[in-house]
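K.L.:
Got a file for you: my_file_5.cif, mmCIF, C-alpha atoms.
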```cif
data_my_file
#
loop_
_atom_site.label_atom_id
_atom_site.label_comp_id
_atom_site.auth_asym_id
_atom_site.auth_seq_id
_atom_site.Cartn_x
_atom_site.Cartn_y
_atom_site.Cartn_z
CA MET A 1 1.55 46.51 -32.51
CA THR A 2 -0.39 48.15 -29.75
CA ASP A 3 0.41 51.75 -29.01
CA GLY A 4 2.01 51.61 -25.60
CA SER A 5 1.39 55.26 -24.83
CA ARG A 6 -2.27 54.50 -24.35
CA TYR A 7 -1.40 52.91 -21.05
CA ALA A 8 0.72 55.72 -19.74
CA PRO A 9 0.04 55.71 -16.03
CA ALA A 10 1.79 58.85 -15.13
CA VAL A 11 1.59 61.75 -17.45
CA ARG A 12 -0.79 64.02 -15.67
CA SER A 13 -2.09 66.87 -17.75
CA GLY A 14 -1.55 70.29 -16.30
CA SER A 15 1.45 70.58 -14.08
CA PRO A 16 4.39 68.25 -14.44
CA PRO A 17 6.74 68.65 -11.50
CA ALA A 18 9.55 71.06 -12.15
CA GLN A 19 12.34 69.63 -14.31
CA SER A 20 11.19 66.04 -14.02
CA ARG A 21 11.27 64.41 -17.42
CA ARG A 22 8.75 61.69 -16.96
CA GLU A 23 8.42 59.18 -19.77
CA PRO A 24 5.12 57.57 -20.67
CA ALA A 25 5.12 53.84 -20.04
CA ASN A 26 6.03 51.93 -23.15
CA LEU A 27 4.94 48.42 -23.99
CA GLY A 28 8.28 46.98 -22.96
CA ASP A 29 7.96 48.48 -19.48
CA ILE A 30 4.45 47.12 -19.16
CA LEU A 31 5.35 43.63 -20.39
CA GLU A 32 8.27 43.54 -18.04
CA ARG A 33 5.99 44.23 -15.11
CA VAL A 34 2.98 42.12 -15.93
CA LEU A 35 5.04 39.10 -16.98
CA ASP A 36 7.88 39.25 -14.54
CA ARG A 37 6.42 40.90 -11.45
CA GLY A 38 3.24 40.89 -9.51
CA VAL A 39 1.76 38.21 -7.36
CA VAL A 40 2.41 34.68 -8.55
CA ILE A 41 0.00 32.18 -7.16
CA ALA A 42 0.66 28.49 -7.25
CA GLY A 43 -2.09 26.00 -6.62
CA ASP A 44 -5.41 25.01 -8.02
CA ILE A 45 -5.58 27.15 -11.09
CA LYS A 46 -6.79 26.49 -14.53
CA VAL A 47 -3.76 27.69 -16.41
CA ASN A 48 -0.46 26.37 -15.25
CA LEU A 49 1.85 29.34 -14.80
CA LEU A 50 4.90 27.15 -15.00
CA ASP A 51 3.99 26.41 -18.61
CA ILE A 52 3.65 30.08 -19.28
CA GLU A 53 6.97 30.64 -17.59
CA LEU A 54 8.64 28.50 -20.20
CA LEU A 55 6.94 30.35 -23.02
CA THR A 56 8.11 33.67 -21.73
CA ILE A 57 11.72 32.63 -21.93
CA LYS A 58 11.61 33.73 -25.53
CA LEU A 59 10.21 37.05 -24.44
CA ARG A 60 12.92 37.42 -21.90
CA LEU A 61 15.36 37.32 -24.75
CA VAL A 62 13.73 40.45 -26.01
CA ILE A 63 13.19 42.04 -22.63
CA ALA A 64 16.65 41.51 -21.23
CA SER A 65 19.53 42.40 -23.41
CA VAL A 66 21.86 39.48 -23.70
CA ASP A 67 24.83 41.68 -24.53
CA THR A 68 24.12 44.30 -21.93
CA ALA A 69 23.31 41.81 -19.22
CA LYS A 70 26.47 39.89 -20.00
CA GLU A 71 28.66 42.91 -19.76
CA MET A 72 26.95 44.02 -16.58
CA GLY A 73 27.77 40.66 -15.07
CA ILE A 74 24.17 39.52 -14.88
CA ASP A 75 24.26 35.87 -15.70
CA TRP A 76 20.72 34.53 -15.65
CA TRP A 77 21.11 33.17 -19.17
CA GLU A 78 24.12 31.08 -18.21
CA HIS A 79 21.60 28.45 -17.25
CA ASP A 80 19.71 28.81 -20.47
CA PRO A 81 21.04 26.30 -22.99
CA TRP A 82 19.66 28.40 -25.84
CA LEU A 83 22.20 31.05 -25.15
CA THR A 84 25.27 29.47 -23.71
CA GLY A 85 26.50 28.47 -27.16
CA ASP A 86 26.75 32.05 -28.32
CA SER A 87 28.60 33.48 -25.37
CA LYS A 88 31.13 30.67 -25.50
CA ALA A 89 31.77 31.39 -29.15
CA LEU A 90 32.40 35.04 -28.31
CA GLN A 91 34.83 34.18 -25.55
CA GLU A 92 36.64 31.84 -27.92
CA GLU A 93 36.91 34.57 -30.53
CA ASN A 94 38.36 36.94 -27.94
CA ARG A 95 40.89 34.35 -26.85
CA ARG A 96 42.04 33.67 -30.41
CA LEU A 97 42.37 37.36 -31.13
CA ARG A 98 44.54 37.94 -28.11
CA ALA A 99 46.76 34.97 -28.96
CA ARG A 100 47.23 36.33 -32.46
CA LEU A 101 48.15 39.75 -31.19
CA ASN A 102 50.69 38.32 -28.76
CA ALA A 103 52.26 36.28 -31.53
CA LEU A 104 52.51 39.35 -33.74
CA GLU A 105 54.04 41.50 -31.00
CA ALA A 106 56.53 38.75 -30.13
CA GLY A 107 58.28 39.63 -33.36
CA ASP A 108 57.28 39.85 -36.93
CA PRO A 109 60.33 41.57 -38.50
CA ARG A 110 58.49 42.50 -41.68
CA ASP A 111 55.97 44.54 -39.86
CA MET B 1 -25.99 22.04 -13.16
CA THR B 2 -23.72 22.28 -16.14
CA HIS B 3 -20.38 20.67 -15.53
CA VAL B 4 -17.09 22.55 -15.64
CA THR B 5 -17.84 25.38 -17.99
CA ASP B 6 -15.92 26.73 -20.91
CA THR B 7 -15.14 29.93 -19.06
CA GLY B 8 -12.60 30.77 -16.39
CA THR B 9 -12.13 33.55 -13.86
CA TYR B 10 -9.28 35.86 -14.77
CA LEU B 11 -7.67 37.58 -11.77
CA TYR B 12 -6.10 41.05 -12.12
CA ALA B 13 -5.43 42.32 -8.65
CA VAL B 14 -6.27 42.02 -4.97
CA THR B 15 -7.09 44.95 -2.70
CA GLN B 16 -8.64 45.60 0.67
CA GLU B 17 -12.33 46.26 1.05
CA SER B 18 -13.01 49.94 1.45
CA PRO B 19 -16.12 52.02 2.12
CA SER B 20 -15.49 54.15 -0.98
CA PRO B 21 -16.71 52.62 -4.23
CA GLY B 22 -14.05 51.15 -6.51
CA PRO B 23 -13.70 51.95 -10.21
CA GLU B 24 -16.76 51.01 -12.22
CA GLY B 25 -17.41 50.01 -15.79
CA LEU B 26 -13.88 48.74 -16.31
CA ARG B 27 -13.10 46.58 -19.33
CA GLY B 28 -10.43 43.96 -19.00
CA VAL B 29 -8.69 41.44 -21.23
CA ALA B 30 -10.49 40.53 -24.46
CA GLY B 31 -12.97 43.32 -23.76
CA THR B 32 -14.56 41.47 -20.84
CA ALA B 33 -16.38 43.28 -18.03
CA VAL B 34 -14.46 43.57 -14.78
CA ARG B 35 -16.25 42.68 -11.53
CA THR B 36 -15.27 42.01 -7.94
CA ILE B 37 -15.25 39.04 -5.58
CA VAL B 38 -15.26 39.96 -1.91
CA ASP B 39 -14.14 37.72 0.92
CA GLU B 40 -13.16 38.55 4.50
CA GLY B 41 -12.22 42.14 3.79
CA LEU B 42 -10.29 41.39 0.62
CA VAL B 43 -11.47 42.28 -2.87
CA ALA B 44 -10.40 40.45 -6.01
CA TYR B 45 -10.84 42.17 -9.37
CA VAL B 46 -11.73 39.55 -11.95
CA SER B 47 -13.51 38.96 -15.23
CA THR B 48 -15.03 35.92 -16.87
CA VAL B 49 -12.94 34.82 -19.83
CA PRO B 50 -13.56 32.21 -22.52
CA LEU B 51 -11.24 29.25 -22.17
CA ASP B 52 -10.95 28.88 -25.91
CA GLU B 53 -8.80 31.98 -25.65
CA PHE B 54 -7.47 31.71 -22.08
CA GLY B 55 -7.02 27.98 -21.66
CA ALA B 56 -3.53 26.54 -21.45
CA GLU B 57 -3.44 25.36 -25.07
CA PRO B 58 -4.59 28.56 -26.79
CA LEU B 59 -2.32 30.60 -24.52
CA ARG B 60 0.65 28.54 -25.58
CA ARG B 61 0.18 29.96 -29.06
CA SER B 62 -1.06 33.45 -28.29
CA MET B 63 1.66 34.27 -25.75
CA GLU B 64 4.04 34.20 -28.68
CA ASN B 65 1.90 36.57 -30.68
CA LEU B 66 3.25 39.99 -29.81
CA GLU B 67 0.14 41.77 -30.96
CA TRP B 68 -2.15 39.65 -28.79
CA LEU B 69 0.30 39.89 -25.92
CA GLY B 70 0.56 43.65 -26.24
CA GLU B 71 -3.19 44.12 -26.16
CA THR B 72 -3.71 41.68 -23.32
CA ALA B 73 -0.88 43.11 -21.26
CA GLY B 74 -2.22 46.61 -21.88
CA ALA B 75 -5.75 45.67 -20.81
CA HIS B 76 -4.47 43.85 -17.71
CA HIS B 77 -2.25 46.78 -16.80
CA ASN B 78 -5.08 49.24 -17.30
CA VAL B 79 -7.33 47.43 -14.81
CA VAL B 80 -4.50 47.20 -12.28
CA GLU B 81 -3.72 50.91 -12.59
CA GLU B 82 -7.36 51.97 -12.27
CA VAL B 83 -7.76 49.95 -9.09
CA ALA B 84 -4.39 50.97 -7.67
CA GLU B 85 -5.25 54.61 -8.23
CA GLN B 86 -7.77 54.38 -5.39
CA ARG B 87 -6.44 51.89 -2.87
CA PRO B 88 -3.45 49.71 -1.95
CA THR B 89 -3.34 47.05 -4.65
CA ALA B 90 -1.41 43.85 -5.20
CA PRO B 91 -1.17 43.32 -8.97
CA VAL B 92 -1.36 39.69 -10.07
CA ARG B 93 0.76 38.30 -12.87
CA LEU B 94 -0.61 38.24 -16.40
CA VAL B 95 -2.93 35.38 -17.37
CA THR B 96 -3.70 34.01 -13.93
CA VAL B 97 -6.93 32.16 -14.71
CA TYR B 98 -9.00 30.19 -12.20
CA ARG B 99 -11.61 27.56 -12.89
CA GLY B 100 -14.26 29.71 -11.29
CA ASP B 101 -15.09 32.28 -8.63
CA ASP B 102 -15.00 29.66 -5.89
CA GLN B 103 -11.29 29.08 -6.46
CA VAL B 104 -10.65 32.80 -6.17
CA ARG B 105 -12.61 32.91 -2.89
CA GLU B 106 -10.53 30.01 -1.66
CA LEU B 107 -7.38 31.89 -2.56
CA LEU B 108 -8.51 34.99 -0.66
CA HIS B 109 -9.35 32.82 2.30
CA GLU B 110 -6.16 30.76 2.33
CA ARG B 111 -3.72 33.57 1.65
CA HIS B 112 -5.68 36.16 3.64
CA ASP B 113 -2.86 37.07 6.01
CA ASP B 114 -0.22 37.11 3.27
CA PHE B 115 -2.29 39.52 1.22
CA LEU B 116 -2.85 41.74 4.24
CA ASP B 117 0.91 41.78 4.86
CA VAL B 118 1.67 42.73 1.29
CA LEU B 119 -1.04 45.40 1.20
CA ALA B 120 0.18 46.89 4.47
CA HIS B 121 3.69 47.07 3.05
CA ILE B 122 2.65 49.04 -0.03
CA ALA B 123 -0.11 51.19 1.47
CA GLY B 124 0.50 54.88 0.87
CA ARG B 125 3.45 54.13 -1.39
CA ARG B 126 3.96 54.12 -5.12
CA GLU B 127 6.44 52.52 -7.44
CA TRP B 128 8.71 54.61 -9.65
CA GLY B 129 10.80 53.22 -12.46
CA VAL B 130 14.24 54.67 -13.13
CA LYS B 131 16.28 53.70 -16.14
CA ALA B 132 19.80 55.00 -16.62
CA TYR B 133 21.72 54.95 -19.87
CA ILE B 134 25.38 55.58 -20.39
CA ASP B 135 27.00 57.12 -23.43
CA LEU B 136 30.17 55.06 -23.63
CA SER B 137 31.74 57.35 -26.23
CA VAL B 138 32.03 59.98 -23.51
CA THR B 139 34.06 57.71 -21.26
CA GLU B 140 35.95 55.70 -23.86
CA ALA B 141 39.52 56.98 -24.42
CA ALA B 142 40.87 57.29 -27.95
CA PRO B 143 43.43 54.56 -28.67
CA ALA B 144 47.05 55.70 -28.90
CA LYS B 145 48.87 55.81 -32.23
CA SER B 146 50.83 52.69 -32.99
CA ALA B 147 54.40 52.55 -34.28
CA GLY B 148 53.96 49.21 -36.04
CA GLY B 149 52.66 48.43 -39.51
CA PRO B 150 49.02 48.38 -40.45
CA GLY B 151 48.46 44.80 -39.20
CA THR B 152 49.94 45.42 -35.77
CA ALA B 153 48.34 48.83 -35.62
CA TYR B 154 44.95 47.31 -36.29
CA LEU B 155 45.32 44.60 -33.69
CA LYS B 156 46.79 46.96 -31.10
CA LYS B 157 43.97 49.33 -31.71
CA ARG B 158 41.54 46.48 -31.37
CA GLN B 159 43.10 45.39 -28.10
CA ALA B 160 43.25 48.91 -26.73
CA GLY B 161 39.64 49.26 -27.78
CA LEU B 162 38.73 46.10 -25.91
CA ARG B 163 40.60 47.23 -22.82
CA SER B 164 39.09 50.67 -22.73
CA ARG B 165 35.71 49.16 -23.39
CA GLU B 166 36.12 46.76 -20.50
CA GLU B 167 37.23 49.64 -18.32
CA ALA B 168 34.28 51.73 -19.47
CA TRP B 169 31.90 48.91 -18.62
CA ARG B 170 33.49 48.44 -15.23
CA GLN B 171 32.96 52.11 -14.53
CA ALA B 172 29.45 51.95 -15.86
CA ALA B 173 28.60 49.03 -13.56
CA ALA B 174 30.03 50.91 -10.59
CA ARG B 175 28.09 54.01 -11.60
CA ALA B 176 24.87 51.99 -11.86
CA GLU B 177 25.38 50.60 -8.38
CA GLU B 178 26.00 54.09 -7.06
CA LEU B 179 22.79 55.41 -8.65
CA HIS B 180 20.82 52.50 -7.23
CA VAL B 181 22.18 52.99 -3.72
CA THR B 182 21.41 56.71 -3.86
CA LEU B 183 17.81 56.15 -4.94
CA SER B 184 17.31 53.25 -2.54
CA SER B 185 18.26 55.51 0.36
CA VAL B 186 15.21 57.68 -0.38
CA ALA B 187 12.87 54.76 -1.06
CA ALA B 188 11.05 52.41 1.32
CA ALA B 189 12.10 49.44 -0.82
CA SER B 190 13.89 48.92 -4.10
CA HIS B 191 14.44 46.32 -6.75
CA ARG B 192 16.78 46.10 -9.73
CA HIS B 193 15.19 44.69 -12.86
CA ARG B 194 17.31 43.33 -15.66
CA ALA B 195 18.53 45.94 -18.08
CA GLN B 196 16.49 46.23 -21.25
CA ASP B 197 17.77 45.59 -24.73
CA PRO B 198 18.28 48.65 -26.97
CA GLU B 199 15.62 47.20 -29.25
CA LEU B 200 13.14 47.39 -26.42
CA SER B 201 14.33 50.62 -24.81
CA GLY B 202 14.45 52.30 -28.19
CA ARG B 203 17.77 53.93 -27.36
CA LYS B 204 21.17 53.16 -28.76
CA GLU B 205 23.04 53.82 -25.51
CA PRO B 206 23.18 50.77 -23.27
CA MET B 207 20.97 50.72 -20.20
CA ILE B 208 22.98 50.37 -17.02
CA LEU B 209 20.20 50.58 -14.47
CA ASN B 210 16.59 49.43 -14.60
CA GLY B 211 15.39 50.04 -11.07
CA ALA B 212 12.04 50.05 -9.30
CA TYR B 213 11.59 52.10 -6.14
CA LEU B 214 8.73 52.00 -3.68
CA VAL B 215 8.36 55.53 -2.37
CA ASP B 216 6.22 56.94 0.44
CA GLY B 217 3.59 59.34 -0.87
CA ASP B 218 5.05 62.27 1.05
CA ARG B 219 8.59 61.48 -0.18
CA ASP B 220 7.78 61.69 -3.88
CA GLU B 221 9.27 65.14 -4.31
CA VAL B 222 12.45 64.16 -2.47
CA PHE B 223 12.75 61.10 -4.67
CA LEU B 224 12.15 63.02 -7.90
CA ARG B 225 14.79 65.57 -6.91
CA ALA B 226 17.24 62.75 -6.24
CA VAL B 227 16.53 61.39 -9.72
CA GLU B 228 17.22 64.79 -11.28
CA LYS B 229 20.61 64.92 -9.63
CA LEU B 230 21.73 61.66 -11.24
CA ARG B 231 22.10 63.08 -14.72
CA GLY B 232 25.46 64.03 -16.17
CA GLU B 233 28.87 62.61 -17.04
CA GLY B 234 27.49 60.64 -19.93
CA VAL B 235 24.56 59.29 -17.90
CA ASP B 236 20.99 59.97 -18.91
CA VAL B 237 18.07 59.03 -16.71
CA GLU B 238 14.48 58.17 -17.57
CA LEU B 239 11.74 58.23 -15.01
CA THR B 240 8.47 56.31 -15.37
CA GLY B 241 5.56 56.08 -13.02
CA PRO B 242 4.03 56.18 -10.62
CA TRP B 243 3.15 52.54 -11.17
CA ALA B 244 1.06 50.14 -9.19
CA PRO B 245 3.56 48.33 -6.94
CA TYR B 246 4.31 45.49 -9.37
CA SER B 247 7.81 44.96 -8.08
CA PHE B 248 6.91 44.82 -4.40
CA THR B 249 4.09 42.37 -4.06
CA ASP B 250 5.80 39.05 -4.38
CA LEU B 251 3.84 36.75 -2.07
CA GLU B 252 6.33 33.94 -2.49
CA VAL B 253 9.25 36.05 -1.37
CA ARG B 254 7.48 37.66 1.56
CA GLY B 255 8.66 36.55 4.93
CA ASP B 256 12.40 36.86 4.39
CA GLY B 257 12.50 40.59 4.00
#
```
What would the structure in this file look like if it were written as C-alpha cells?

P.N.:
Amino acid sequence: MTDGSRYAPAVRSGSPPAQSRREPANLGDILERVLDRGVVIAGDIKVNLLDIELLTIKLRLVIASVDTAKEMGIDWWEHDPWLTGDSKALQEENRRLRARLNALEAGDPRD
Amino acid sequence: MTHVTDTGTYLYAVTQESPSPGPEGLRGVAGTAVRTIVDEGLVAYVSTVPLDEFGAEPLRRSMENLEWLGETAGAHHNVVEEVAEQRPTAPVRLVTVYRGDDQVRELLHERHDDFLDVLAHIAGRREWGVKAYIDLSVTEAAPAKSAGGPGTAYLKKRQAGLRSREEAWRQAAARAEELHVTLSSVAAASHRHRAQDPELSGRKEPMILNGAYLVDGDRDEVFLRAVEKLRGEGVDVELTGPWAPYSFTDLEVRGDG
C-alpha cells in the first residue's frame, strides 16, 4: 500500500500555528476527494466515467461506513441492493429481541 | 497520419492563464510528464497516458486494485496540489482521459464560462477538512441494576443499552450539526462528506462529522481558532489541509447555488 503521508499537503515545516493539530492527509482522505469530488465532465471522452462510477461503489463501501452512516441517518445505501439485505436483517433482529423482552416482562413467574 | 493512437490525454486540473510560470517538471500518473494546454485564458494540466493502462477495459480491473489506485490517486493529487499552490485551480476527477489534446481544447472552449465561474468562486480561498469523532463511552449512561433473574437482567440491560445508545447517537448527530453550522459560519462555503469508516479513519471512535470548508485566505486564523474550540465533551477534532478546493468545483452543480 502506498504511504499516504507522502502526499501530505499541509504540514509546513517550521511553524505550525499555535495549538492547531493538523493531520497529514491519509490515503483515505485523498481517495475520497479524487474519486468523489472535483470536476466531473460528461461528453466526448475516452473513458466513460459512468462505468468508473459503478466500479467505485465497492470503494464507497470502504470509504463510507455503513454502520456509522446508518446511525447518522445518512441513507445513500438504501438504494444500493448490495446492502439493503443486511440492514433489513439487523432491523428484524432488533424487532425480535424487543418482542422477546416484552414477553418476558409480561410475566415469567420462574424468573 | 496515424489513426486514433494508443495514447490518451489525462486531465488533472484547470486553471486560469497567469503571467507567472506554473510548476515545472511535474510527474503525473504512471510517471508521465505533465504539460499544459492553453486555450482562451484557461490552462489545462494534462499528460499523455498509454491506453493499455488507462483505457476503459484495463481501468475496470485496476480501479479495484488498491495498490494501483493508491499510487494513481497520489500522483493525481500531487499534480493538483502543486498547481493549486500557485493559482486558483479546479481539480478534475480521477481518471478523466480524453482521446487527445483537441478534445481538451474543445472542453476549455465549450465550458469556458463555467470554468471561469468556478475559478472566480474559489480564488483566494482554500479548503480545510474537519473530521470530528465522538467517544460514546463518555456519553453513554451505565444501565441500572435489574431486580429480575439473569435472563431478564440480561435482556433489560440489552434494551437499556440500546436505548442509551440510540440517545447517544441522537445527541451525537445533533452535536455534529452544531459543529458544522459553527464552522460554516466562518467559511465562504461548506460541504458535508459522508463519515468515514473506522477502518479508513484508523480510529475506533465513530466519526460524526466529515466536513469540507472553503475559507478566505485572510480568514484562515479565525477558522482554525473556531476548530480548536470544538474539542471537548467526548468530541475530538482532526484538521486536514489546506487542500485544493476539491469539494467546491462541481461544474454540474454550479448555477443553483

K.L.:
Do you know which residues the PyMOL selection byres ((chain B) within 6 of (chain A)) returns on this file, as a list in words?

P.N.:
Ala56, Glu67, Gly70, Pro91, Val92, Arg93, Leu94, Val97, Tyr98, Arg99, Gly149, Arg194, Ala195, Gln196, Asp197, Leu200, Leu239, Thr240, Gly241, Pro242, Tyr246, Ser247, Thr249, Asp250 and Leu251 of chain B

K.L.:
At what distance in Å, to one decimal, does atom CA of Asp218 of chain B lie from atom CA of Ser20 of chain B?

P.N.:
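That distance, rounded to one decimal, is 22.2 Å.
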
K.L.:
Counting only C-alpha atoms, which residues sit no farther than 12 Å from the position (17.4, 58.8, -20.0) in the file's frame? I'd like them as a CSV table (one decimal) with C-alpha atoms, in the coordinates of the input.

P.N.:
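Output (point_37.csv):
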```
chain,number,residue,atom,x,y,z
A,20,SER,CA,11.2,66.0,-14.0
A,21,ARG,CA,11.3,64.4,-17.4
A,22,ARG,CA,8.8,61.7,-17.0
A,23,GLU,CA,8.4,59.2,-19.8
B,129,GLY,CA,10.8,53.2,-12.5
B,130,VAL,CA,14.2,54.7,-13.1
B,131,LYS,CA,16.3,53.7,-16.1
B,132,ALA,CA,19.8,55.0,-16.6
B,133,TYR,CA,21.7,55.0,-19.9
B,134,ILE,CA,25.4,55.6,-20.4
B,135,ASP,CA,27.0,57.1,-23.4
B,201,SER,CA,14.3,50.6,-24.8
B,202,GLY,CA,14.4,52.3,-28.2
B,203,ARG,CA,17.8,53.9,-27.4
B,204,LYS,CA,21.2,53.2,-28.8
B,205,GLU,CA,23.0,53.8,-25.5
B,206,PRO,CA,23.2,50.8,-23.3
B,207,MET,CA,21.0,50.7,-20.2
B,208,ILE,CA,23.0,50.4,-17.0
B,209,LEU,CA,20.2,50.6,-14.5
B,210,ASN,CA,16.6,49.4,-14.6
B,227,VAL,CA,16.5,61.4,-9.7
B,228,GLU,CA,17.2,64.8,-11.3
B,230,LEU,CA,21.7,61.7,-11.2
B,231,ARG,CA,22.1,63.1,-14.7
B,232,GLY,CA,25.5,64.0,-16.2
B,234,GLY,CA,27.5,60.6,-19.9
B,235,VAL,CA,24.6,59.3,-17.9
B,236,ASP,CA,21.0,60.0,-18.9
B,237,VAL,CA,18.1,59.0,-16.7
B,238,GLU,CA,14.5,58.2,-17.6
B,239,LEU,CA,11.7,58.2,-15.0
B,240,THR,CA,8.5,56.3,-15.4
```

K.L.:
Looking at B:Glu221, B:Asp216, B:Glu233, B:Glu17, which one is nearest to Ile122 of chain B, with distances taken over all atoms listed in the file?

P.N.:
B:Asp216

K.L.:
I need the residue set behind the PyMOL selection byres ((chain B and resi 88) around 9) for this file; please write it as a PyMOL selection string.

P.N.:
chain B and resi 14-16+83-87+89-90+119-120+122-125+244-245

K.L.:
Report the residues retrieved by the PyMOL selection byres ((chain B and resi 105) around 12) from the displayed file, expressed as a list in words.

P.N.:
Asp44 of chain A; Thr9, Leu11, Val14, Thr36, Ile37, Val38, Asp39, Glu40, Gly41, Leu42, Val43, Ala44, Tyr45, Val46, Tyr98, Arg99, Gly100, Asp101, Asp102, Gln103, Val104, Glu106, Leu107, Leu108, His109, Glu110, Arg111 and His112 of chain B

K.L.:
One decimal, Å: what's the distance from atom CA of Ala13 of chain B over to atom CA of Val80 of chain B, could you say?

P.N.:
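Atom CA of Ala13 of chain B sits 6.2 Å away from atom CA of Val80 of chain B.
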
K.L.:
Please report the interatomic distance between atom CA of Asp117 of chain B and atom CA of Asn78 of chain B in Å with one decimal.

P.N.:
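Separation between atom CA of Asp117 of chain B and atom CA of Asn78 of chain B: 24.1 Å.
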